[in-house]
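Participant: Okay, here's the structure, questions in a sec.
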Amino acid sequence: MASKQFKDDWYDIDQGSYDWSARFFRLIKKMLNVHMKLHADEQVYQGDIFLFNHFSRFETFIPQYLIYEKTGHQCWSIASSEFFTEDTVLAKYLSNMGVIPHDHQRLFPILAEQILHGRKVIIFPEGGMVKDRRVMDKRGRYSIYSRIRGERRKHHTGPAVLAQGIEAFKATIRNAYADKKIDQLLKWKEDLGFENLDQLLIAAIKPTWLVPSNITFYPIRSSDNLLIQSVRLFSNGLSLRQTEELLVEGNIMLKDTDMDIRMGEPIDPYHVWHWWNHDLLELVSSEFGTLDEVFALHDKPNTWKQKLLGAYFKKNAKATRNQYMKDMYSYVTVNLCHLASYLIMYCISKKMHKIEKRLFYRTLYVAIKLLQKKPTVHLQRHLQSPEHYEGILCGENKLFAHFICVAKESHLLSEEHDEYHFLSKLCEEHDFDTIRMENVIAVYHNEIRPISAVTDTVIKAHKQAKKNDPVKMSEHFLDDETLLLQVDKKIYSKPEYDDINSQETASCDARPFLLHPKKANGCGALLIHGLLSSPAELRDYGEHLVSQGFTVYGLRIKGHGTSPYDLRQQALEDWYDSVNRGFEVLELLCQKIILVGFSTGGALALKYATELKEHVTGVIAVAVPYEFVDSSLMMVPWVHGANKVVQWISSYEGVKPFIFNEAEHPHINYRAVPIRGLYELRRLIQEMDEVLPLIESPVLLVYADEDPIVSLNSSKFIFDKLTTPQKQLRVIHSQRHGILNENSDDIWTVIDGFINNLCVHQSFCKPNNVTDSKHLLPEPTQSIDSSG
């Protein structure tokens, strides 16, 4: 469909071209390696003028597409007049898409009319690409570099002028309606193309909202890519500017890049006016007959009242401009490179020319943890889940490694032994068209500088990291484990998992817990729960231990406390990692640690004891499986193998993905048992069996004589394989499996005896409130005893 002339000076949007472009972009989006994520509340889409920062040419097409996809509303936008100097195919296409030259003499009236009809307007108030992301001067005032003027300037007030002009005209319509000026209303209806007066009045009642928004790309790369290689084949040579843009934007489109589009709280310019502005507008509104007359207030006022109102409008426009620019930059999606770059530039500002690696890593980790508690800071997805920033404390993180690699290749940093050295290039001035290639650290630093909540936090994290307080670090670690639980719960709470989740009855708090005694005895206890359970299984026993002076940490094994579907995805290695992270929490607080594991947790504790951790004082393993009462469990490897074969050749879940059991503690345990989980348990038992002779720590094994799950034969198999000279076995009377949770046959006191013996023989503090009793184990280092 051919473009239709819009009034007498521009074109209306061509619906066919718009729809075709949306379909084409939808196709291209699937082909590109850009992960677009739109963050916006539903009310935001009621906005009229959407404001975005400008970092790349690629992003200028994105907002229109996203808003059209979400709301069905077409969007107008503004482009440089250089695209319209000739009657080219590009110029015609842009005109069909609602793009208007920035210097059009009726720019504001045309856009205002579109907004009155419910269309949206996209504006980039920076007025051009800000490649260096430097939006503040040295005094903290907002300004950007203008390529045309060759100097820094303030951001444009155009969006504020447009919004308040529309509000002024809406007020004029409302006043005319109140004064019953029907002829004037009918004229506006005809001039503006409304079908009836109701539509005109509805448009006049609706507030005009500015929506400050931010687009953040991560990571920024400038390496060679397919796009620039293709262009070089068909061109005689590229300018520096063209090369730089193809390098950066080619990597955005063709390589794994996150693009976070964040739309913020709408701004209503009408509500920030002072009362005298409203009163003056009431006096002047009767003098406006057209939108053009409203927007002529700035340059061609006809009366002294219009001149005075125009002066107020200019002042208010600047105030509104300052507000939406501040908000726009506050919506930056903060990533790891931002934090690392700001830390580097902060160190340089303090005359530090190098930083110890461990301090660098620790500062970044602490900054992440502190920022997670700040609701006004918007973190990139990799900083929200510990799985993504795992390893940052030792520098073994993929994202961090990429940052360091780019910095070294760009000659911004050097690496010497245990330190990073800051090179002079970091402080050099770079051309506007080369800075993204030459000094990406400066670009990241500039982008984050306007957000004081982030910059202040990085500085605070640096100070905390220097102190390296073990208590605070343990709290951060614990928070990571809680976050992992929240992330996993969110993933496995989706409707697609309801077939199993709806049958689950577990309701206890599945969060890991860290208990501090009033009077510490210097020893910690790491509690490891059983299969299908959660830390809640051992919470009561943890309270018992903390009353004796132990610092207690109850860890959560990956896949537990969420959904059986989650457990089905986890391997033995994931379980083991959970134990290792739990040990790291306690290791910060205690020099001596006792491992306490129930059932599967006991097997994990025994296996972990072979790591020969210098802080492991002893192992208490309760009801550890080696042989099962139900011999059918021996078929688990076969069933799991069959499941995998079925999944390989079809989308079917498998021959038998889950079996159901009646849990002893349905408020804690899963009812559905993943076959995969049982298979991984068999793997654990096999690996434990191989390493039992390697355990050097004292070990206490405790079993129930009539355990309905784990055969009592398991006790003898494991005890005999242990070669540590300090091993003991106690058999209590119980017909239950969960004997540690239930304190069956006073098992807690039995364990107290073993612990007290450790205290005596290893010369660390005796547990508080524990006295000698008949339950204490005898002097010999090896024993098999039966109680009850």
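Chain labels A, B, ... are given in the sequence in which chains occur in the structure tokens; within each chain residues are numbered consecutively from 1, and ligands are likewise numbered from 1 in the order shown.
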Report the residues of range 658-693 of chain A whose backbone DSSP state falls under strand (DSSP E or B), written as a list of chain:residue names.
Facilitator: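 Those in range 658-693 of chain A that DSSP calls strand (DSSP E or B) are A:Phe658, A:Ile659, A:Phe660, A:Ala672, A:Val673, A:Pro674.
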Participant: Write a file of the just-selected residues containing N, CA, C and O atoms, as a PDB file, in the first residue's frame.
Facilitator:
ATOM      1  N   PHE A 658       9.416 -41.733  37.769  1.00  0.00           N
ATOM      2  CA  PHE A 658       9.211 -41.573  39.203  1.00  0.00           C
ATOM      3  C   PHE A 658       8.535 -42.808  39.778  1.00  0.00           C
ATOM      4  O   PHE A 658       7.785 -43.500  39.089  1.00  0.00           O
ATOM      5  N   ILE A 659       8.834 -43.064  41.048  1.00  0.00           N
ATOM      6  CA  ILE A 659       8.049 -44.003  41.829  1.00  0.00           C
ATOM      7  C   ILE A 659       7.581 -43.270  43.081  1.00  0.00           C
ATOM      8  O   ILE A 659       8.175 -42.266  43.471  1.00  0.00           O
ATOM      9  N   PHE A 660       6.497 -43.743  43.667  1.00  0.00           N
ATOM     10  CA  PHE A 660       5.949 -43.051  44.836  1.00  0.00           C
ATOM     11  C   PHE A 660       6.163 -43.868  46.094  1.00  0.00           C
ATOM     12  O   PHE A 660       6.160 -45.106  46.066  1.00  0.00           O
ATOM     13  N   ALA A 672       7.245 -38.284  45.612  1.00  0.00           N
ATOM     14  CA  ALA A 672       7.698 -38.841  44.330  1.00  0.00           C
ATOM     15  C   ALA A 672       9.218 -38.993  44.352  1.00  0.00           C
ATOM     16  O   ALA A 672       9.937 -38.048  44.666  1.00  0.00           O
ATOM     17  N   VAL A 673       9.669 -40.185  44.031  1.00  0.00           N
ATOM     18  CA  VAL A 673      11.098 -40.488  44.039  1.00  0.00           C
ATOM     19  C   VAL A 673      11.589 -40.599  42.597  1.00  0.00           C
ATOM     20  O   VAL A 673      11.171 -41.511  41.874  1.00  0.00           O
ATOM     21  N   PRO A 674      12.460 -39.698  42.142  1.00  0.00           N
ATOM     22  CA  PRO A 674      12.990 -39.821  40.777  1.00  0.00           C
ATOM     23  C   PRO A 674      13.901 -41.046  40.670  1.00  0.00           C
ATOM     24  O   PRO A 674      14.776 -41.249  41.516  1.00  0.00           O
TER      25      PRO A 674
END
Participant: Using only C-alpha atoms, which residues of range 372-473 of chain A come within 12 Å of range 17-41 of chain A, and what is the closest atom pair for each, with the distance in Å to one decimal? Give it as a tab-separated table, sorted by chain and residue number.
Facilitator:
residue	atom	partner	partner_atom	distance
A:His378	CA	A:His39	CA	10.0
A:Leu379	CA	A:His39	CA	11.6
A:Gln380	CA	A:Lys37	CA	10.2
A:Arg381	CA	A:Lys37	CA	10.0
Participant: For N, CA, C and O atoms, I'd like the residues from the last selection saved as an mmCIF file, in the first residue's frame.
Facilitator:
data_model
loop_
_atom_site.group_PDB
_atom_site.id
_atom_site.type_symbol
_atom_site.label_atom_id
_atom_site.label_comp_id
_atom_site.auth_asym_id
_atom_site.auth_seq_id
_atom_site.Cartn_x
_atom_site.Cartn_y
_atom_site.Cartn_z
ATOM 1 N N HIS A 378 19.326 -2.349 39.490
ATOM 2 C CA HIS A 378 18.851 -3.389 38.578
ATOM 3 C C HIS A 378 20.045 -4.229 38.124
ATOM 4 O O HIS A 378 20.888 -3.763 37.354
ATOM 5 N N LEU A 379 20.099 -5.448 38.602
ATOM 6 C CA LEU A 379 21.232 -6.324 38.323
ATOM 7 C C LEU A 379 20.978 -7.185 37.093
ATOM 8 O O LEU A 379 19.876 -7.711 36.899
ATOM 9 N N GLN A 380 22.015 -7.338 36.304
ATOM 10 C CA GLN A 380 21.961 -8.232 35.152
ATOM 11 C C GLN A 380 21.784 -9.667 35.641
ATOM 12 O O GLN A 380 22.162 -10.005 36.762
ATOM 13 N N ARG A 381 21.196 -10.502 34.847
ATOM 14 C CA ARG A 381 20.786 -11.847 35.286
ATOM 15 C C ARG A 381 21.943 -12.651 35.874
ATOM 16 O O ARG A 381 21.743 -13.453 36.795
#
Participant: Just the residues within 8 Å of Arg358 in chain A, please, counting only C-alpha atoms, with nothing from its chain fewer than 2 positions along; format it as a ChimeraX atom specification.
Facilitator: /A:356,360-362,393-395,418
Participant: Print the selection's residues with N, CA and C atoms to a file, as an mmCIF file, in the first residue's frame.
Facilitator:
data_model
loop_
_atom_site.group_PDB
_atom_site.id
_atom_site.type_symbol
_atom_site.label_atom_id
_atom_site.label_comp_id
_atom_site.auth_asym_id
_atom_site.auth_seq_id
_atom_site.Cartn_x
_atom_site.Cartn_y
_atom_site.Cartn_z
ATOM 1 N N GLU A 356 45.906 -6.547 44.577
ATOM 2 C CA GLU A 356 46.092 -7.972 44.815
ATOM 3 C C GLU A 356 44.899 -8.729 44.230
ATOM 4 N N PHE A 360 40.838 -8.169 44.746
ATOM 5 C CA PHE A 360 39.993 -7.830 43.595
ATOM 6 C C PHE A 360 38.779 -8.770 43.549
ATOM 7 N N TYR A 361 39.048 -10.081 43.623
ATOM 8 C CA TYR A 361 37.963 -11.060 43.563
ATOM 9 C C TYR A 361 36.984 -10.854 44.715
ATOM 10 N N ARG A 362 37.535 -10.683 45.895
ATOM 11 C CA ARG A 362 36.687 -10.571 47.093
ATOM 12 C C ARG A 362 35.834 -9.299 47.030
ATOM 13 N N LEU A 393 35.304 -15.733 43.624
ATOM 14 C CA LEU A 393 36.211 -15.527 44.759
ATOM 15 C C LEU A 393 37.616 -16.074 44.503
ATOM 16 N N CYS A 394 37.708 -16.989 43.577
ATOM 17 C CA CYS A 394 39.040 -17.517 43.254
ATOM 18 C C CYS A 394 39.446 -17.143 41.824
ATOM 19 N N GLY A 395 38.680 -16.262 41.211
ATOM 20 C CA GLY A 395 39.013 -15.811 39.860
ATOM 21 C C GLY A 395 38.694 -16.817 38.782
ATOM 22 N N ASP A 418 50.543 -12.520 41.773
ATOM 23 C CA ASP A 418 49.259 -12.449 42.474
ATOM 24 C C ASP A 418 48.643 -11.059 42.403
#
Participant: For Val552 in chain A, work out the shell of residues within 10 Å, counting only C-alpha atoms and skipping chain neighbours fewer than 4 positions away, then give it as an MDAnalysis selection string.
Facilitator: chainID A and resid 513:517 523:527 539 541:546 586 590 593:594
Participant: Can you pull out the residues contacting Lys307 in chain A? Cut-off 12 Å, using only C-alpha atoms, and skip same-chain residues under 4 positions away; I want them as a list in words.
Facilitator: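 Contacts, with the query itself left out: Leu280, Leu281, Val284, Val294, Phe295, Ala296, Leu297, His298, Asp299, Lys300, Pro301, Asn302, Thr303, Ala311, Tyr312, Phe313 and Lys314 of chain A.
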Participant: Those same residues, written as a PDB file, in the first residue's frame with N, CA, C and O atoms?
Facilitator:
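Output (result.pdb):
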ATOM      1  N   LEU A 280      -1.841  30.434  35.274  1.00  0.00           N
ATOM      2  CA  LEU A 280      -1.480  31.191  34.076  1.00  0.00           C
ATOM      3  C   LEU A 280      -1.951  30.476  32.819  1.00  0.00           C
ATOM      4  O   LEU A 280      -2.429  31.113  31.864  1.00  0.00           O
ATOM      5  N   LEU A 281      -1.831  29.142  32.818  1.00  0.00           N
ATOM      6  CA  LEU A 281      -2.295  28.361  31.675  1.00  0.00           C
ATOM      7  C   LEU A 281      -3.802  28.538  31.480  1.00  0.00           C
ATOM      8  O   LEU A 281      -4.281  28.632  30.343  1.00  0.00           O
ATOM      9  N   VAL A 284      -4.313  31.729  29.629  1.00  0.00           N
ATOM     10  CA  VAL A 284      -3.805  31.777  28.253  1.00  0.00           C
ATOM     11  C   VAL A 284      -4.496  30.768  27.340  1.00  0.00           C
ATOM     12  O   VAL A 284      -4.562  30.964  26.121  1.00  0.00           O
ATOM     13  N   VAL A 294       0.343  26.508  20.330  1.00  0.00           N
ATOM     14  CA  VAL A 294       0.856  26.087  21.634  1.00  0.00           C
ATOM     15  C   VAL A 294       2.377  25.993  21.594  1.00  0.00           C
ATOM     16  O   VAL A 294       3.082  26.520  22.471  1.00  0.00           O
ATOM     17  N   PHE A 295       2.891  25.341  20.567  1.00  0.00           N
ATOM     18  CA  PHE A 295       4.342  25.127  20.500  1.00  0.00           C
ATOM     19  C   PHE A 295       5.094  26.379  20.040  1.00  0.00           C
ATOM     20  O   PHE A 295       6.323  26.420  20.104  1.00  0.00           O
ATOM     21  N   ALA A 296       4.342  27.422  19.581  1.00  0.00           N
ATOM     22  CA  ALA A 296       4.982  28.689  19.217  1.00  0.00           C
ATOM     23  C   ALA A 296       5.296  29.528  20.439  1.00  0.00           C
ATOM     24  O   ALA A 296       5.970  30.568  20.324  1.00  0.00           O
ATOM     25  N   LEU A 297       4.828  29.080  21.622  1.00  0.00           N
ATOM     26  CA  LEU A 297       5.095  29.838  22.848  1.00  0.00           C
ATOM     27  C   LEU A 297       6.583  30.066  23.076  1.00  0.00           C
ATOM     28  O   LEU A 297       6.996  31.097  23.597  1.00  0.00           O
ATOM     29  N   HIS A 298       7.393  29.094  22.704  1.00  0.00           N
ATOM     30  CA  HIS A 298       8.828  29.173  22.974  1.00  0.00           C
ATOM     31  C   HIS A 298       9.502  30.253  22.122  1.00  0.00           C
ATOM     32  O   HIS A 298      10.429  30.918  22.580  1.00  0.00           O
ATOM     33  N   ASP A 299       9.052  30.380  20.891  1.00  0.00           N
ATOM     34  CA  ASP A 299       9.763  31.262  19.963  1.00  0.00           C
ATOM     35  C   ASP A 299       8.959  32.491  19.518  1.00  0.00           C
ATOM     36  O   ASP A 299       9.528  33.553  19.278  1.00  0.00           O
ATOM     37  N   LYS A 300       7.628  32.350  19.405  1.00  0.00           N
ATOM     38  CA  LYS A 300       6.824  33.447  18.855  1.00  0.00           C
ATOM     39  C   LYS A 300       5.571  33.697  19.688  1.00  0.00           C
ATOM     40  O   LYS A 300       4.436  33.507  19.210  1.00  0.00           O
ATOM     41  N   PRO A 301       5.712  34.096  20.943  1.00  0.00           N
ATOM     42  CA  PRO A 301       4.524  34.399  21.749  1.00  0.00           C
ATOM     43  C   PRO A 301       3.832  35.657  21.222  1.00  0.00           C
ATOM     44  O   PRO A 301       4.493  36.607  20.802  1.00  0.00           O
ATOM     45  N   ASN A 302       2.501  35.650  21.264  1.00  0.00           N
ATOM     46  CA  ASN A 302       1.728  36.772  20.716  1.00  0.00           C
ATOM     47  C   ASN A 302       1.369  37.816  21.768  1.00  0.00           C
ATOM     48  O   ASN A 302       1.123  38.977  21.427  1.00  0.00           O
ATOM     49  N   THR A 303       1.303  37.423  23.034  1.00  0.00           N
ATOM     50  CA  THR A 303       0.919  38.356  24.094  1.00  0.00           C
ATOM     51  C   THR A 303       1.902  38.230  25.250  1.00  0.00           C
ATOM     52  O   THR A 303       2.697  37.299  25.322  1.00  0.00           O
ATOM     53  N   ALA A 311       8.128  31.387  29.113  1.00  0.00           N
ATOM     54  CA  ALA A 311       9.321  31.402  29.969  1.00  0.00           C
ATOM     55  C   ALA A 311       9.233  30.320  31.032  1.00  0.00           C
ATOM     56  O   ALA A 311      10.226  29.634  31.327  1.00  0.00           O
ATOM     57  N   TYR A 312       8.034  30.186  31.622  1.00  0.00           N
ATOM     58  CA  TYR A 312       7.844  29.129  32.617  1.00  0.00           C
ATOM     59  C   TYR A 312       7.994  27.751  31.970  1.00  0.00           C
ATOM     60  O   TYR A 312       8.557  26.827  32.565  1.00  0.00           O
ATOM     61  N   PHE A 313       7.486  27.620  30.763  1.00  0.00           N
ATOM     62  CA  PHE A 313       7.597  26.338  30.053  1.00  0.00           C
ATOM     63  C   PHE A 313       9.058  25.950  29.839  1.00  0.00           C
ATOM     64  O   PHE A 313       9.430  24.786  29.990  1.00  0.00           O
ATOM     65  N   LYS A 314       9.866  26.931  29.464  1.00  0.00           N
ATOM     66  CA  LYS A 314      11.286  26.639  29.246  1.00  0.00           C
ATOM     67  C   LYS A 314      11.949  26.170  30.539  1.00  0.00           C
ATOM     68  O   LYS A 314      12.734  25.219  30.551  1.00  0.00           O
TER      69      LYS A 314
END
Participant: For the structure I just gave you, how does DSSP split range 391-496 of chain A - specifically, which residues are alpha helix (DSSP H)? Reply as a ChimeraX atom specification.
Facilitator: /A:398-409,435-438,440-448,452-467,470-491
Participant: Give me, as a ChimeraX atom specification, all polymer residues having an atom no more than 10 Å from range 261-266 of chain A, counting only C-alpha atoms and skipping those fewer than 3 positions away in the same chain.
Facilitator: /A:36-41,43-52,59,62-63,66,208-217,258,269,324,327-328,330-333,378
Participant: Would you kindly return, as a ChimeraX atom specification, each protein, DNA or RNA residue with an atom no farther than 8 Å from any atom of range 615-632 of chain A, considering only C-alpha atoms and excluding same-chain residues fewer than 4 positions away?
Facilitator: /A:587,591-603,605-606,609,636,685,697-704,708-715,717-718,737,740,751,758
Participant: When you count only C-alpha atoms, which of these residues is closest to Lys519 in chain A: A:Glu614, A:Phe83, A:Tyr608, A:Ser547?
Facilitator: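 Among the listed residues, A:Ser547 lies closest to Lys519 in chain A.
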Participant: In Å, how far is it from CA of Ala520 in chain A to CA of Ile755 in chain A?
Facilitator: 15.0 Å
Participant: Rank nothing, just name the residue among A:Ala571, A:Ile148, A:Ala407, A:Ala112 nearest to Leu681 in chain A, using only C-alpha atoms.
Facilitator: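 Of A:Ala571, A:Ile148, A:Ala407, A:Ala112, the one nearest Leu681 in chain A, counting only C-alpha atoms, is A:Ala571.
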